[in-house]
Amino acid sequence: MPGVTQVLRHGYDMVYATPVGSHSFAAHKAKGGSMRSVVISNRLPVTFTNKGGKLRITRSGGGLATGLDSLSTRGERHWLGWPGLYAEEARKRRNIRARLKKKLLHPVFLNPDHIQKFYEGYCNSTLWPLCHYFFSYINQDEKYWKAYREVNELFCRETLKIVQPGDMIWIHDYHLMLLPALIRNQLPDARIGYFHHIPFPSYELFRYLPERAELLHGLLGADLIGFHTPDYMRHFISTLYRVLQLECRVDEVQLEDRVARIDAFPMGINYDLYHHATNPPEMRSFAQELQQLAGDSKVILSVDRLDYSKGILLRLESFAAFLEHHPEYRGKVTLLMVVMPSRDGVDSYADLKTKIDTTIGAVNGAYSMVGWTPVRYFYRSFSSDELSAMYNIADIALVTPLRDGMNLVAKEYVAAKRDRPGSLILSEMTGAAVELADAIIVNPMDTRQIEEAILKALVTPDEEQLALIRKMQKSIARQTVSRWAGDFTAALLEVTQRNTELAEKHLKTNTLRQILRDYANAKQRLLLLDYDGTLVAYETDPAMARPTPPLIATLQALATDERNTVVVCSGRDKATLDNWLGDLNIGLAAEHGVFFKEHGTWQGRMPDIVWNDEIRAILEHIRDKTPRSVIEEKKTALVWHYRRVDHWLAELRAIQLVNALIGPCARLGLQIMRGDKIIEIKPTEYHKGIEARRRLEQADYDFILAIGDDTTDEDMFTALPPEAVTIKIGRFSDTAKYLLPAQSRVMPFLQALLTAQAD
């Protein structure tokens, strides 16, 4: 039928032509009712070792692998990522691929150039320092960005080889920020989640990336985007608005044909693993050896990966200052410092390692005594059991990174204490600080505050320490890594179900054809059309939203058909509507139906309102405090417009205005209505539904159509009979039957009506 393809352009009919519930990707269920999941991360959760010329594969014990293990009972889980080694020969690759496939692992082979420019380059020399607020460490290079794109595209190609209809795809971390959109472009109705494991920086920092828009568009390919804390979530939402001009309503961003949800999911640990780790005899023996090493000293434990974001040097300086200012504790406190090797082949990390070594040497040289060494230093990795033994015997855990996404060391320490007292000194810059509020929270840059925290921890009575430890244990025992994984996947399934429901409301090809047939066959039609956001796009200056010549021609053509009653029902004042559309042979309704024009004459349902001085003063006060906002005074309504106002300030002022208006509007029987970038004060008894009902009384219509984009149009939809064709523009509506995702689709739809042919 003419016009269908134009209305459903940009591949829209291709995506939704298949009825939901038959063979669509999102609706498919694997045999047996279970659901497969595909986890995608930069590295696979395995370690390769070469013993006697034979390649051995062992499972890694990381927190992510542990958390996702808990999901295995819900269905088959596949994992895709770099295996951690370079395999140039095709035969070697086939061998590795075959061995990993038995474990449902799928390798993405990267070459040395990828490792240098993608991993060491863009990931760890651009994104890592940016997200951790180390601006001076950022190294931007076009070759790095090119490699980042190439690797994300490679991951996409490998994903498409293994993914099946109905799979839940979960992408992890900053290495793969482009991947959600790349997969979405190939599989439009796939279930895709993304989790960002490091901090997301404020807009002021993220804006410096030349590729900022591409990265954000990449992430918006996901249905659900997760962060560790509400702060990171807030930064991301702010960046979306300031870079892409996309607004988030509560926790959702409306995209063209679906929503993307943004939320915080604090990652936990395998609580039982650490809480019971010291039970085995070999671990009790290891713990005793550590205690003997420290002697009678109190043990302060520091565990970190080698990285400039961990604040290791400042921690050492704070400990040295503590010994300097509190000589009574010399010989009584030992700092057990564990630094795990990481990227020490990179110059900046090698330099950091040298400075750590030098600083520890200086501290030990200045304060060592016979039988006592202030800092016991280990530059190597330990197993989770060995770390648990360290946690268990440590009197204090000193966890003071300068910036950290979550920091699981703090949670591991609390879990491993079991029934022993201990104190946790925790940086306020960690995600964990949100949950572990009973720790001693410090600014990691303030060495004096860290000194005072160490002293406080040493003098706190054991009973008080134990009470605080038990309180924190209750919290992290609930919010485990399994709970984190379960919460995320539940939220992902919820939002994809919502998107499936959204898709069902979209005007699919068959539905549109039926609407056009019904229109063509009808003898008496009523067409109710909103103006701003429906017939024309919103403008920052409302006066600029004049009707275009094609719109005028389309409305005139519709009105020429004697079977049609065309009504533009708008919140605009009657003078503006008369000026713009008054020469057309159509009905007009102004100020949401308070006034209506019929047979060339305007009529009103109520007299003009004389506005209360208190309400006017409140509006003027907010306007004066909000640059670029304006007040519009209609005959029966006052409107505060804030389309040109900064999003953050606009939301603040909108809340302030509504709060200030509640009292006087309640006394005067007035309604406060929030529309698209407006707040309107009007009488409660007048709305677009009244005009819709008035028009229904005039004839026996056998085809009724209403189109609108705003909350004010919901009253119009509700007033119409069930058989009416009601279409919401842009956002999901519970009252409208159908959805057109963009205002740009309205004109093609109206033009399709003009060319509709009867059976």
# chains A, B, ... in the order shown; residues from 1 in each chain; ligands from 1
$ residues_around --residues "Gly295 in chain A" --least-positions-apart "4" --cutoff "10 Å" --atoms "only C-alpha atoms" --output "list in words"
Glu289, Leu290, Gln291, Val299, Gly331, Lys332, Val333, Thr334, Gly371 and Trp372 of chain A
$ write_last_selection --atoms "N, CA and C atoms" --output "mmCIF file, in the first residue's frame"
data_model
loop_
_atom_site.group_PDB
_atom_site.id
_atom_site.type_symbol
_atom_site.label_atom_id
_atom_site.label_comp_id
_atom_site.auth_asym_id
_atom_site.auth_seq_id
_atom_site.Cartn_x
_atom_site.Cartn_y
_atom_site.Cartn_z
ATOM 1 N N GLU A 289 52.235 -18.042 60.719
ATOM 2 C CA GLU A 289 53.531 -17.570 60.229
ATOM 3 C C GLU A 289 53.523 -16.050 60.074
ATOM 4 N N LEU A 290 52.421 -15.522 59.546
ATOM 5 C CA LEU A 290 52.316 -14.070 59.386
ATOM 6 C C LEU A 290 52.351 -13.373 60.747
ATOM 7 N N GLN A 291 51.645 -13.953 61.726
ATOM 8 C CA GLN A 291 51.613 -13.361 63.057
ATOM 9 C C GLN A 291 53.001 -13.370 63.692
ATOM 10 N N VAL A 299 49.060 -5.276 63.460
ATOM 11 C CA VAL A 299 49.288 -5.403 62.016
ATOM 12 C C VAL A 299 48.321 -4.498 61.252
ATOM 13 N N GLY A 331 57.784 0.163 67.052
ATOM 14 C CA GLY A 331 57.995 -1.178 67.587
ATOM 15 C C GLY A 331 56.706 -1.881 67.954
ATOM 16 N N LYS A 332 55.579 -1.169 67.866
ATOM 17 C CA LYS A 332 54.291 -1.743 68.261
ATOM 18 C C LYS A 332 53.307 -1.881 67.091
ATOM 19 N N VAL A 333 53.651 -1.324 65.933
ATOM 20 C CA VAL A 333 52.773 -1.364 64.764
ATOM 21 C C VAL A 333 53.600 -1.716 63.534
ATOM 22 N N THR A 334 53.123 -2.687 62.756
ATOM 23 C CA THR A 334 53.802 -3.083 61.519
ATOM 24 C C THR A 334 52.839 -2.959 60.348
ATOM 25 N N GLY A 371 64.745 -6.246 65.956
ATOM 26 C CA GLY A 371 63.576 -7.101 66.135
ATOM 27 C C GLY A 371 62.290 -6.521 65.582
ATOM 28 N N TRP A 372 62.373 -5.342 64.954
ATOM 29 C CA TRP A 372 61.144 -4.730 64.417
ATOM 30 C C TRP A 372 61.438 -3.974 63.123
#
$ atom_distance --atom1 "CA of Leu555 in chain A" --atom2 "CA of Gly708 in chain A"
15.6 Å
$ residues_around --residues "Met369 in chain A" --least-positions-apart "5" --cutoff "10 Å" --atoms "only C-alpha atoms" --output "number ranges by chain"
A: 330-331, 364, 374
$ closest_atom_pairs --of "range 618-726 of chain A" --to "range 515-520 of chain A" --cutoff "9 Å" --atoms "only C-alpha atoms" --output "Markdown table"
| residue | atom | partner | partner_atom | distance |
| --- | --- | --- | --- | --- |
| A:Asp702 | CA | A:Asp518 | CA | 8.8 |
| A:Phe703 | CA | A:Tyr519 | CA | 6.3 |
| A:Ile704 | CA | A:Tyr519 | CA | 8.7 |
| A:Val725 | CA | A:Ile515 | CA | 7.8 |
$ select_by_dssp --residues "range 560-740 of chain A" --states "strand (DSSP E)" --output "number ranges by chain"
A: 564-569, 587-590, 595-598, 601-604, 630-633, 638-641, 670-675, 678-683, 703-708, 725-729, 738-740
$ write_last_selection --atoms "C-alpha atoms" --output "PDB file, in the first residue's frame"
ATOM      1  CA  ASN A 564     -13.101  14.121   7.303  1.00  0.00           C
ATOM      2  CA  THR A 565     -13.470  16.325  10.363  1.00  0.00           C
ATOM      3  CA  VAL A 566      -9.957  17.579  11.086  1.00  0.00           C
ATOM      4  CA  VAL A 567      -9.292  19.253  14.455  1.00  0.00           C
ATOM      5  CA  VAL A 568      -5.984  20.619  15.721  1.00  0.00           C
ATOM      6  CA  CYS A 569      -6.226  20.465  19.517  1.00  0.00           C
ATOM      7  CA  GLY A 587     -11.453  22.849  13.548  1.00  0.00           C
ATOM      8  CA  LEU A 588      -9.198  24.441  16.146  1.00  0.00           C
ATOM      9  CA  ALA A 589      -9.096  23.963  19.928  1.00  0.00           C
ATOM     10  CA  ALA A 590      -6.911  26.283  21.986  1.00  0.00           C
ATOM     11  CA  PHE A 595     -11.637  27.567  23.462  1.00  0.00           C
ATOM     12  CA  PHE A 596     -12.732  26.010  20.179  1.00  0.00           C
ATOM     13  CA  LYS A 597     -13.268  27.384  16.688  1.00  0.00           C
ATOM     14  CA  GLU A 598     -16.109  26.017  14.628  1.00  0.00           C
ATOM     15  CA  THR A 601     -16.144  31.422  15.084  1.00  0.00           C
ATOM     16  CA  TRP A 602     -14.272  31.061  18.370  1.00  0.00           C
ATOM     17  CA  GLN A 603     -16.228  29.996  21.426  1.00  0.00           C
ATOM     18  CA  GLY A 604     -15.142  29.626  25.046  1.00  0.00           C
ATOM     19  CA  VAL A 630       9.847  32.601  30.086  1.00  0.00           C
ATOM     20  CA  ILE A 631       6.282  32.979  31.327  1.00  0.00           C
ATOM     21  CA  GLU A 632       3.380  32.705  28.896  1.00  0.00           C
ATOM     22  CA  GLU A 633       0.028  34.100  30.004  1.00  0.00           C
ATOM     23  CA  LEU A 638      -0.181  30.493  33.122  1.00  0.00           C
ATOM     24  CA  VAL A 639       2.757  28.594  31.667  1.00  0.00           C
ATOM     25  CA  TRP A 640       6.434  28.553  32.668  1.00  0.00           C
ATOM     26  CA  HIS A 641       8.581  27.470  29.680  1.00  0.00           C
ATOM     27  CA  LEU A 670      -6.193  25.011  40.171  1.00  0.00           C
ATOM     28  CA  GLN A 671      -4.240  22.180  38.544  1.00  0.00           C
ATOM     29  CA  ILE A 672      -0.426  22.072  38.255  1.00  0.00           C
ATOM     30  CA  MET A 673       0.425  20.205  35.075  1.00  0.00           C
ATOM     31  CA  ARG A 674       3.933  19.205  33.948  1.00  0.00           C
ATOM     32  CA  GLY A 675       4.272  18.939  30.189  1.00  0.00           C
ATOM     33  CA  ILE A 678       6.628  23.400  30.682  1.00  0.00           C
ATOM     34  CA  ILE A 679       4.744  23.756  33.927  1.00  0.00           C
ATOM     35  CA  GLU A 680       1.186  24.965  33.445  1.00  0.00           C
ATOM     36  CA  ILE A 681      -1.315  26.236  35.991  1.00  0.00           C
ATOM     37  CA  LYS A 682      -4.920  25.895  34.840  1.00  0.00           C
ATOM     38  CA  PRO A 683      -8.433  25.034  36.064  1.00  0.00           C
ATOM     39  CA  PHE A 703     -13.120   6.037  12.032  1.00  0.00           C
ATOM     40  CA  ILE A 704     -11.510   8.037  14.857  1.00  0.00           C
ATOM     41  CA  LEU A 705      -7.818   8.979  14.984  1.00  0.00           C
ATOM     42  CA  ALA A 706      -5.961  10.931  17.687  1.00  0.00           C
ATOM     43  CA  ILE A 707      -2.232  11.723  17.644  1.00  0.00           C
ATOM     44  CA  GLY A 708      -0.258  13.482  20.400  1.00  0.00           C
ATOM     45  CA  VAL A 725      -6.811   4.708  16.701  1.00  0.00           C
ATOM     46  CA  THR A 726      -4.726   6.531  19.331  1.00  0.00           C
ATOM     47  CA  ILE A 727      -1.050   7.176  18.617  1.00  0.00           C
ATOM     48  CA  LYS A 728       1.561   8.528  21.032  1.00  0.00           C
ATOM     49  CA  ILE A 729       4.679  10.189  19.632  1.00  0.00           C
ATOM     50  CA  TYR A 738       0.168   2.651  19.225  1.00  0.00           C
ATOM     51  CA  LEU A 739       3.501   4.406  19.217  1.00  0.00           C
ATOM     52  CA  LEU A 740       5.431   6.327  16.585  1.00  0.00           C
TER      53      LEU A 740
END
$ closest_atom_pairs --of "range 356-427 of chain A" --to "range 480-498 of chain A" --cutoff "12 Å" --atoms "only C-alpha atoms" --output "tab-separated table"
residue	atom	partner	partner_atom	distance
A:Leu408	CA	A:Val481	CA	10.2
A:Lys411	CA	A:Thr480	CA	9.8
A:Glu412	CA	A:Thr480	CA	10.9
A:Ala415	CA	A:Thr480	CA	10.7
$ closest_atom_pairs --of "range 355-419 of chain A" --to "range 199-202 of chain A" --cutoff "8 Å" --atoms "only C-alpha atoms" --output "Markdown table"
| residue | atom | partner | partner_atom | distance |
| --- | --- | --- | --- | --- |
| A:Arg403 | CA | A:Pro199 | CA | 7.7 |
| A:Asp404 | CA | A:Pro199 | CA | 6.5 |
| A:Gly405 | CA | A:Pro199 | CA | 4.6 |
$ residues_around --residues "Thr626 in chain A" --least-positions-apart "4" --cutoff "9 Å" --atoms "only C-alpha atoms" --output "list in words"
His621, Ile622, Val630, Tyr642, Val645, Leu649, Ala650 and Arg653 of chain A
$ write_last_selection --atoms "N, CA and C atoms" --output "PDB file, in the first residue's frame"
ATOM      1  N   HIS A 621       9.286  35.015  40.230  1.00  0.00           N
ATOM      2  CA  HIS A 621      10.491  34.785  41.041  1.00  0.00           C
ATOM      3  C   HIS A 621      11.342  33.655  40.437  1.00  0.00           C
ATOM      4  N   ILE A 622      10.696  32.554  40.064  1.00  0.00           N
ATOM      5  CA  ILE A 622      11.418  31.433  39.457  1.00  0.00           C
ATOM      6  C   ILE A 622      11.990  31.845  38.097  1.00  0.00           C
ATOM      7  N   VAL A 630      10.839  31.553  30.345  1.00  0.00           N
ATOM      8  CA  VAL A 630       9.847  32.601  30.086  1.00  0.00           C
ATOM      9  C   VAL A 630       8.499  32.188  30.664  1.00  0.00           C
ATOM     10  N   TYR A 642      10.661  26.232  29.958  1.00  0.00           N
ATOM     11  CA  TYR A 642      12.090  26.140  30.274  1.00  0.00           C
ATOM     12  C   TYR A 642      12.854  25.280  29.262  1.00  0.00           C
ATOM     13  N   VAL A 645      16.614  26.152  28.952  1.00  0.00           N
ATOM     14  CA  VAL A 645      17.360  26.200  30.212  1.00  0.00           C
ATOM     15  C   VAL A 645      18.218  24.942  30.358  1.00  0.00           C
ATOM     16  N   LEU A 649      19.655  22.748  35.965  1.00  0.00           N
ATOM     17  CA  LEU A 649      19.012  23.895  36.595  1.00  0.00           C
ATOM     18  C   LEU A 649      17.503  23.846  36.378  1.00  0.00           C
ATOM     19  N   ALA A 650      17.087  23.431  35.186  1.00  0.00           N
ATOM     20  CA  ALA A 650      15.659  23.364  34.891  1.00  0.00           C
ATOM     21  C   ALA A 650      14.940  22.400  35.825  1.00  0.00           C
ATOM     22  N   ARG A 653      14.709  23.969  39.348  1.00  0.00           N
ATOM     23  CA  ARG A 653      13.712  25.040  39.420  1.00  0.00           C
ATOM     24  C   ARG A 653      12.288  24.495  39.264  1.00  0.00           C
TER      25      ARG A 653
END
$ atom_distance --atom1 "CA of Val39 in chain A" --atom2 "CA of Trp79 in chain A"
4.6 Å
$ residues_around --residues "Asp438 in chain A" --least-positions-apart "2" --cutoff "10 Å" --atoms "only C-alpha atoms" --output "VMD selection string"
chain A and resid 423 to 426 433 to 436 440 to 441 465 467 to 469 471 to 472
$ residues_around --residues "Arg43 in chain A" --least-positions-apart "6" --cutoff "10 Å" --atoms "only C-alpha atoms" --output "list in words"
Trp79, Leu80, Gly81, Trp82, Pro83, Gly84, Pro107, Val108, His172 and His175 of chain A
$ write_last_selection --atoms "C-alpha atoms" --output "compact mmCIF listing (two decimals), in the first residue's frame"
# COMPACT_ATOMS: atom_id res chain seq x y z
CA TRP A 79 31.92 -16.59 27.85
CA LEU A 80 33.75 -14.72 25.12
CA GLY A 81 37.05 -12.83 25.53
CA TRP A 82 40.77 -12.66 24.90
CA PRO A 83 42.50 -15.83 26.20
CA GLY A 84 45.52 -13.87 27.42
CA PRO A 107 38.48 -16.91 22.44
CA VAL A 108 38.93 -13.61 20.64
CA HIS A 172 31.66 -5.96 30.82
CA HIS A 175 37.39 -2.06 27.03
$ closest_residue --among "A:Leu551, A:Leu176, A:Ala575, A:Met390" --to "Gly218 in chain A" --atoms "only C-alpha atoms"
A:Leu176
$ residues_around --residues "Val38 in chain A" --least-positions-apart "6" --cutoff "6 Å" --atoms "only C-alpha atoms" --output "list of chain:residue names"
A:Arg77, A:His78, A:Trp79, A:Ile169
$ closest_residue --among "A:Asp347, A:Asn499, A:Asn510, A:Glu328" --to "Pro188 in chain A" --atoms "only C-alpha atoms"
A:Asn499
$ closest_residue --among "A:Lys635, A:Lys508, A:Arg470, A:Arg628" --to "Thr540 in chain A" --atoms "only C-alpha atoms"
A:Arg628
$ atom_distance --atom1 "CA of Ala147 in chain A" --atom2 "CA of Asn185 in chain A"
20.1 Å
$ closest_residue --among "A:Asn152, A:Thr534, A:Gln245, A:Gln164" --to "Leu178 in chain A" --atoms "only C-alpha atoms"
A:Asn152
